[in-house]
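**Student:** Contents of structure_13.cif (mmCIF, C-alpha atoms) are given next:
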data_protein
#
loop_
_atom_site.group_PDB
_atom_site.id
_atom_site.type_symbol
_atom_site.label_atom_id
_atom_site.label_comp_id
_atom_site.auth_asym_id
_atom_site.auth_seq_id
_atom_site.Cartn_x
_atom_site.Cartn_y
_atom_site.Cartn_z
ATOM 1 C CA MET N 103 210.406 -41.228 -43.721
ATOM 2 C CA ARG N 104 207.835 -40.523 -41.009
ATOM 3 C CA GLU N 105 207.794 -41.617 -37.383
ATOM 4 C CA ILE N 106 205.272 -42.449 -34.685
ATOM 5 C CA TYR N 107 205.759 -43.836 -31.180
ATOM 6 C CA LEU N 108 203.528 -46.635 -29.863
ATOM 7 C CA ALA N 109 203.141 -47.806 -26.266
ATOM 8 C CA GLY N 110 201.192 -51.037 -26.045
ATOM 9 C CA GLY N 111 202.281 -52.967 -22.987
ATOM 10 C CA CYS N 112 205.495 -54.938 -23.227
ATOM 11 C CA PHE N 113 207.489 -53.410 -26.053
ATOM 12 C CA TRP N 114 208.857 -56.746 -27.286
ATOM 13 C CA GLY N 115 205.572 -57.796 -28.875
ATOM 14 C CA VAL N 116 204.660 -54.340 -30.141
ATOM 15 C CA GLU N 117 208.016 -54.048 -31.891
ATOM 16 C CA LYS N 118 207.667 -57.479 -33.502
ATOM 17 C CA ALA N 119 204.058 -56.965 -34.629
ATOM 18 C CA ILE N 120 204.542 -53.511 -36.123
ATOM 19 C CA SER N 121 207.781 -54.541 -37.840
ATOM 20 C CA LEU N 122 205.738 -57.071 -39.844
ATOM 21 C CA LEU N 123 203.996 -54.285 -41.773
ATOM 22 C CA ARG N 124 205.320 -53.644 -45.266
ATOM 23 C CA GLY N 125 206.639 -50.079 -45.329
ATOM 24 C CA VAL N 126 207.850 -50.037 -41.727
ATOM 25 C CA THR N 127 211.565 -49.454 -42.144
ATOM 26 C CA PHE N 128 212.813 -49.294 -38.544
ATOM 27 C CA THR N 129 211.605 -50.114 -35.040
ATOM 28 C CA GLN N 130 213.312 -49.456 -31.734
ATOM 29 C CA CYS N 131 212.233 -50.307 -28.204
ATOM 30 C CA GLY N 132 212.566 -47.526 -25.673
ATOM 31 C CA TYR N 133 211.067 -45.468 -22.905
ATOM 32 C CA ALA N 134 208.860 -42.419 -23.497
ATOM 33 C CA ASN N 135 207.127 -39.516 -21.824
ATOM 34 C CA GLY N 136 208.526 -39.889 -18.343
ATOM 35 C CA ASP N 137 210.259 -37.580 -15.901
ATOM 36 C CA PRO N 138 212.945 -35.786 -17.971
ATOM 37 C CA HIS N 139 215.177 -35.426 -14.893
ATOM 38 C CA PHE N 140 216.109 -39.102 -15.142
ATOM 39 C CA ILE N 141 217.809 -41.072 -17.893
ATOM 40 C CA PRO N 142 215.663 -44.185 -17.931
ATOM 41 C CA ASP N 143 216.845 -47.748 -17.893
ATOM 42 C CA TYR N 144 214.792 -50.916 -17.571
ATOM 43 C CA MET N 145 214.964 -51.096 -13.766
ATOM 44 C CA LEU N 146 214.041 -47.425 -13.307
ATOM 45 C CA VAL N 147 211.107 -47.778 -15.708
ATOM 46 C CA CYS N 148 209.915 -50.999 -14.047
ATOM 47 C CA SER N 149 209.750 -49.198 -10.715
ATOM 48 C CA GLY N 150 206.815 -47.234 -12.151
ATOM 49 C CA ARG N 151 207.907 -44.179 -10.173
ATOM 50 C CA TYR N 152 209.014 -41.935 -13.015
ATOM 51 C CA GLY N 153 206.132 -42.152 -15.478
ATOM 52 C CA TYR N 154 207.882 -43.754 -18.439
ATOM 53 C CA ALA N 155 206.003 -46.047 -20.836
ATOM 54 C CA GLU N 156 207.603 -48.933 -22.683
ATOM 55 C CA THR N 157 207.337 -47.544 -26.221
ATOM 56 C CA VAL N 158 208.347 -48.482 -29.743
ATOM 57 C CA LYS N 159 209.715 -45.903 -32.149
ATOM 58 C CA VAL N 160 208.349 -46.701 -35.607
ATOM 59 C CA GLU N 161 209.831 -45.242 -38.772
ATOM 60 C CA TYR N 162 207.842 -45.843 -41.927
ATOM 61 C CA ASP N 163 207.688 -44.955 -45.588
ATOM 62 C CA SER N 164 204.353 -43.158 -45.938
ATOM 63 C CA GLU N 165 204.297 -43.926 -49.651
ATOM 64 C CA ILE N 166 204.041 -47.638 -48.791
ATOM 65 C CA VAL N 167 202.138 -47.711 -45.498
ATOM 66 C CA GLY N 168 199.943 -45.010 -44.032
ATOM 67 C CA LEU N 169 199.596 -44.056 -40.401
ATOM 68 C CA ASP N 170 196.011 -45.318 -40.520
ATOM 69 C CA LYS N 171 197.198 -48.860 -41.329
ATOM 70 C CA ILE N 172 199.872 -48.720 -38.622
ATOM 71 C CA LEU N 173 197.253 -47.686 -36.081
ATOM 72 C CA LEU N 174 194.852 -50.363 -37.334
ATOM 73 C CA ALA N 175 197.560 -52.925 -36.575
ATOM 74 C CA PHE N 176 198.226 -51.260 -33.214
ATOM 75 C CA PHE N 177 194.582 -51.510 -32.166
ATOM 76 C CA MET N 178 194.598 -55.184 -33.221
ATOM 77 C CA ILE N 179 197.272 -55.936 -30.596
ATOM 78 C CA ILE N 180 196.188 -53.812 -27.639
ATOM 79 C CA ASP N 181 193.163 -53.611 -25.395
ATOM 80 C CA PRO N 182 192.459 -49.892 -24.962
ATOM 81 C CA THR N 183 190.033 -50.620 -22.114
ATOM 82 C CA GLN N 184 192.865 -51.722 -19.828
ATOM 83 C CA LYS N 185 194.393 -48.966 -17.717
ATOM 84 C CA ASP N 186 198.113 -49.308 -17.028
ATOM 85 C CA ARG N 187 198.288 -52.916 -18.193
ATOM 86 C CA GLN N 188 198.281 -55.271 -21.154
ATOM 87 C CA GLY N 189 198.210 -59.045 -20.872
ATOM 88 C CA ASN N 190 199.980 -60.149 -17.694
ATOM 89 C CA ASP N 191 201.972 -56.910 -17.478
ATOM 90 C CA ARG N 192 200.751 -54.358 -14.955
ATOM 91 C CA GLY N 193 201.985 -50.888 -14.057
ATOM 92 C CA ILE N 194 202.116 -47.390 -15.507
ATOM 93 C CA GLN N 195 205.005 -48.435 -17.765
ATOM 94 C CA TYR N 196 202.598 -50.781 -19.595
ATOM 95 C CA ARG N 197 199.964 -48.164 -20.428
ATOM 96 C CA THR N 198 198.896 -47.749 -24.025
ATOM 97 C CA GLY N 199 199.659 -44.599 -25.951
ATOM 98 C CA ILE N 200 200.300 -43.058 -29.333
ATOM 99 C CA TYR N 201 202.873 -40.256 -29.368
ATOM 100 C CA TRP N 202 203.729 -38.021 -32.298
ATOM 101 C CA THR N 203 206.465 -35.551 -33.203
ATOM 102 C CA ASP N 204 204.704 -33.361 -35.780
ATOM 103 C CA GLU N 205 201.361 -31.625 -36.044
ATOM 104 C CA GLU N 206 200.226 -33.534 -39.138
ATOM 105 C CA ALA N 207 200.653 -36.883 -37.376
ATOM 106 C CA GLY N 208 198.963 -35.467 -34.280
ATOM 107 C CA ASP N 209 195.925 -34.418 -36.296
ATOM 108 C CA ALA N 210 195.760 -37.849 -37.943
ATOM 109 C CA VAL N 211 196.038 -39.653 -34.595
ATOM 110 C CA LYS N 212 193.324 -37.488 -33.029
ATOM 111 C CA GLY N 213 191.063 -38.186 -36.016
ATOM 112 C CA ILE N 214 191.547 -41.939 -35.726
ATOM 113 C CA ILE N 215 191.089 -41.895 -31.948
ATOM 114 C CA SER N 216 187.818 -39.955 -32.369
ATOM 115 C CA LYS N 217 186.532 -42.869 -34.467
ATOM 116 C CA VAL N 218 187.930 -45.716 -32.354
ATOM 117 C CA ALA N 219 187.294 -44.515 -28.787
ATOM 118 C CA PRO N 220 183.464 -44.346 -28.988
ATOM 119 C CA ARG N 221 183.376 -48.104 -29.679
ATOM 120 C CA PHE N 222 184.449 -48.762 -26.099
ATOM 121 C CA ARG N 223 182.752 -48.016 -22.785
ATOM 122 C CA GLU N 224 186.163 -47.235 -21.292
ATOM 123 C CA PHE N 225 189.155 -46.046 -23.317
ATOM 124 C CA TYR N 226 192.572 -45.440 -21.784
ATOM 125 C CA THR N 227 194.949 -45.128 -24.747
ATOM 126 C CA GLU N 228 196.824 -41.834 -24.527
ATOM 127 C CA ALA N 229 197.182 -39.678 -27.628
ATOM 128 C CA LEU N 230 199.833 -37.045 -26.939
ATOM 129 C CA PRO N 231 202.859 -35.306 -28.406
ATOM 130 C CA LEU N 232 206.117 -37.101 -27.684
ATOM 131 C CA GLU N 233 207.890 -35.379 -24.791
ATOM 132 C CA ASN N 234 210.989 -37.566 -24.671
ATOM 133 C CA PHE N 235 212.267 -40.946 -25.828
ATOM 134 C CA THR N 236 215.314 -42.943 -24.786
ATOM 135 C CA PRO N 237 216.251 -46.166 -26.593
ATOM 136 C CA ALA N 238 216.128 -49.278 -24.418
ATOM 137 C CA GLU N 239 219.128 -51.430 -23.742
ATOM 138 C CA GLU N 240 220.397 -53.593 -26.623
ATOM 139 C CA ASN N 241 219.053 -56.836 -25.132
ATOM 140 C CA HIS N 242 215.501 -55.468 -25.600
ATOM 141 C CA GLN N 243 215.938 -54.649 -29.300
ATOM 142 C CA LYS N 244 214.410 -57.261 -31.655
ATOM 143 C CA TYR N 245 213.927 -59.418 -28.565
ATOM 144 C CA LEU N 246 211.418 -61.820 -30.131
ATOM 145 C CA ASP N 247 213.653 -62.301 -33.174
ATOM 146 C CA LYS N 248 216.489 -63.307 -30.853
ATOM 147 C CA ASN N 249 214.176 -65.273 -28.523
ATOM 148 C CA PRO N 250 211.351 -66.665 -30.684
ATOM 149 C CA TYR N 251 209.719 -68.423 -27.712
ATOM 150 C CA GLY N 252 210.093 -65.426 -25.401
ATOM 151 C CA TYR N 253 207.169 -63.930 -23.520
ATOM 152 C CA CYS N 254 204.674 -61.980 -25.604
ATOM 153 C CA HIS N 255 201.179 -60.815 -24.685
ATOM 154 C CA ILE N 256 200.216 -60.680 -28.379
ATOM 155 C CA SER N 257 198.776 -63.871 -29.828
ATOM 156 C CA PRO N 258 200.420 -65.623 -32.787
ATOM 157 C CA ALA N 259 197.085 -65.261 -34.620
ATOM 158 C CA ALA N 260 197.214 -61.470 -34.260
ATOM 159 C CA MET N 261 200.804 -61.453 -35.503
ATOM 160 C CA ALA N 262 199.760 -63.509 -38.527
ATOM 161 C CA GLU N 263 196.882 -61.123 -39.295
ATOM 162 C CA ILE N 264 199.174 -58.099 -39.126
ATOM 163 C CA SER N 265 201.669 -59.715 -41.486
ATOM 164 C CA LYS N 266 198.830 -59.954 -44.056
ATOM 165 C CA LEU N 267 197.885 -56.254 -43.873
#
Before we go any further, please render this structure as structure tokens.

**Tutor:**
Amino acid sequence: MREIYLAGGCFWGVEKAISLLRGVTFTQCGYANGDPHFIPDYMLVCSGRYGYAETVKVEYDSEIVGLDKILLAFFMIIDPTQKDRQGNDRGIQYRTGIYWTDEEAGDAVKGIISKVAPRFREFYTEALPLENFTPAEENHQKYLDKNPYGYCHISPAAMAEISKL
């Protein structure tokens, strides 16, 4: 199993969309790359004062789905030209980012970013090593499965496209 961490605005939609990919074996909403002096919770992260991003931990079987396909799906659901926001969500906690835990994944992410970023006049998606990750509270896990009509900045059409990948 491999892992990658994706920040794409509200983590509810990112978790749901990425979980639709065949080969993704586990997703978990959480908070990443913020001030390590604090143990984040939803209210602390929403304050925007400690630098955390709403992030989804993604575990996947690389024999079934490659990182390139996961990132293709990721770029289908985010707008990398938006700084510190996605959809109606605004603040540093809603920035976009791809965070890795091993050098091989880092090299792959940098390679993909070098191909994607030049397509945009502005590009704000971070590509960095994971510094820290704390799972979010249980009520945020699989939120859209538990609340199918809950808020999501990702369109149903995009979700349907990802499920076909």

**Student:** Find the residues near N:Ser164: any atom within 9 Å, counting only C-alpha atoms, skip ones fewer than 3 places away on the same chain, and give them as a ChimeraX atom specification.

**Tutor:** /N:103-104,125-126,167-169

**Student:** N:Pro237, N:Gly115, N:Pro142, N:Gly213: which is nearest N:Ala260, counting all atoms listed in the file?

**Tutor:**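 Of N:Pro237, N:Gly115, N:Pro142, N:Gly213, the one nearest N:Ala260 is N:Gly115, counting all atoms listed in the file.
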
**Student:** Residues picked by the PyMOL selection byres ((chain N and resi 177) around 12) here, as a ChimeraX atom specification?

**Tutor:** /N:108-110,116,119-120,170-176,178-183,198-200,214-215,218-219,221,225,227,256,260,264

**Student:** Take atom CA of N:Thr127 and atom CA of N:Gln243 and report the distance between them in Å, one decimal.

**Tutor:**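 These two atoms are separated by 14.5 Å.
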
**Student:** Written as a PDB file with C-alpha atoms, keeping the file's coordinate frame, which residues does the PyMOL selection byres ((chain N and resi 247) around 12) give for the file shown?

**Tutor:**
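Listing of out-v2.pdb after writing:
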ATOM      1  CA  TRP N 114     208.857 -56.746 -27.286  1.00  0.00           C
ATOM      2  CA  GLY N 115     205.572 -57.796 -28.875  1.00  0.00           C
ATOM      3  CA  GLU N 117     208.016 -54.048 -31.891  1.00  0.00           C
ATOM      4  CA  LYS N 118     207.667 -57.479 -33.502  1.00  0.00           C
ATOM      5  CA  ALA N 119     204.058 -56.965 -34.629  1.00  0.00           C
ATOM      6  CA  SER N 121     207.781 -54.541 -37.840  1.00  0.00           C
ATOM      7  CA  LEU N 122     205.738 -57.071 -39.844  1.00  0.00           C
ATOM      8  CA  ASN N 241     219.053 -56.836 -25.132  1.00  0.00           C
ATOM      9  CA  HIS N 242     215.501 -55.468 -25.600  1.00  0.00           C
ATOM     10  CA  GLN N 243     215.938 -54.649 -29.300  1.00  0.00           C
ATOM     11  CA  LYS N 244     214.410 -57.261 -31.655  1.00  0.00           C
ATOM     12  CA  TYR N 245     213.927 -59.418 -28.565  1.00  0.00           C
ATOM     13  CA  LEU N 246     211.418 -61.820 -30.131  1.00  0.00           C
ATOM     14  CA  LYS N 248     216.489 -63.307 -30.853  1.00  0.00           C
ATOM     15  CA  ASN N 249     214.176 -65.273 -28.523  1.00  0.00           C
ATOM     16  CA  PRO N 250     211.351 -66.665 -30.684  1.00  0.00           C
ATOM     17  CA  TYR N 251     209.719 -68.423 -27.712  1.00  0.00           C
ATOM     18  CA  GLY N 252     210.093 -65.426 -25.401  1.00  0.00           C
ATOM     19  CA  TYR N 253     207.169 -63.930 -23.520  1.00  0.00           C
ATOM     20  CA  CYS N 254     204.674 -61.980 -25.604  1.00  0.00           C
TER      21      CYS N 254
END

**Student:** Could you tell me how far atom CA of N:Phe128 lies from atom CA of N:Tyr162, in Å and to one decimal?

**Tutor:**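 Pair atom CA of N:Phe128 / atom CA of N:Tyr162 returns 6.9 Å.
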
**Student:** For N:Arg192, which residue among N:Ile141, N:Ala134, N:Ala155, N:Ile106 is the nearest when counting all atoms listed in the file?

**Tutor:** N:Ala155

**Student:** From the options N:Pro231, N:Gly111, N:Gly193, N:Gly150, which residue's atoms come nearest to N:Asp209, counting all atoms listed in the file?

**Tutor:**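 Ranked by minimum distance to N:Asp209, first place goes to N:Pro231.
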
**Student:** Of the residues N:Tyr133, N:Phe222, N:Phe113, N:Tyr152, which is the one nearest to N:His255, using only C-alpha atoms?

**Tutor:** N:Phe113

**Student:** Could you list the residues chosen by the PyMOL selection byres ((chain N and resi 140) around 12) in this structure as a ChimeraX atom specification?

**Tutor:** /N:133-139,141-143,146-147,151-154,234-236

**Student:** What gap, in Å, lies between atom CA of N:Ser257 and atom CA of N:Gln184?

**Tutor:**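 A separation of 16.8 Å between them.
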
**Student:** Measuring atom to atom with only C-alpha atoms, identify which of N:Ala259, N:Arg124, N:Thr129, N:Glu233 is nearest to N:Glu165.

**Tutor:**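 Counting only C-alpha atoms, the residue closest to N:Glu165 is N:Arg124.
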
**Student:** Under the rule that all atoms listed in the file are counted, which of N:Glu105, N:Glu263, N:Glu156, N:Glu240 is the nearest residue to N:Glu206?

**Tutor:**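 The closest residue to N:Glu206 is N:Glu105.
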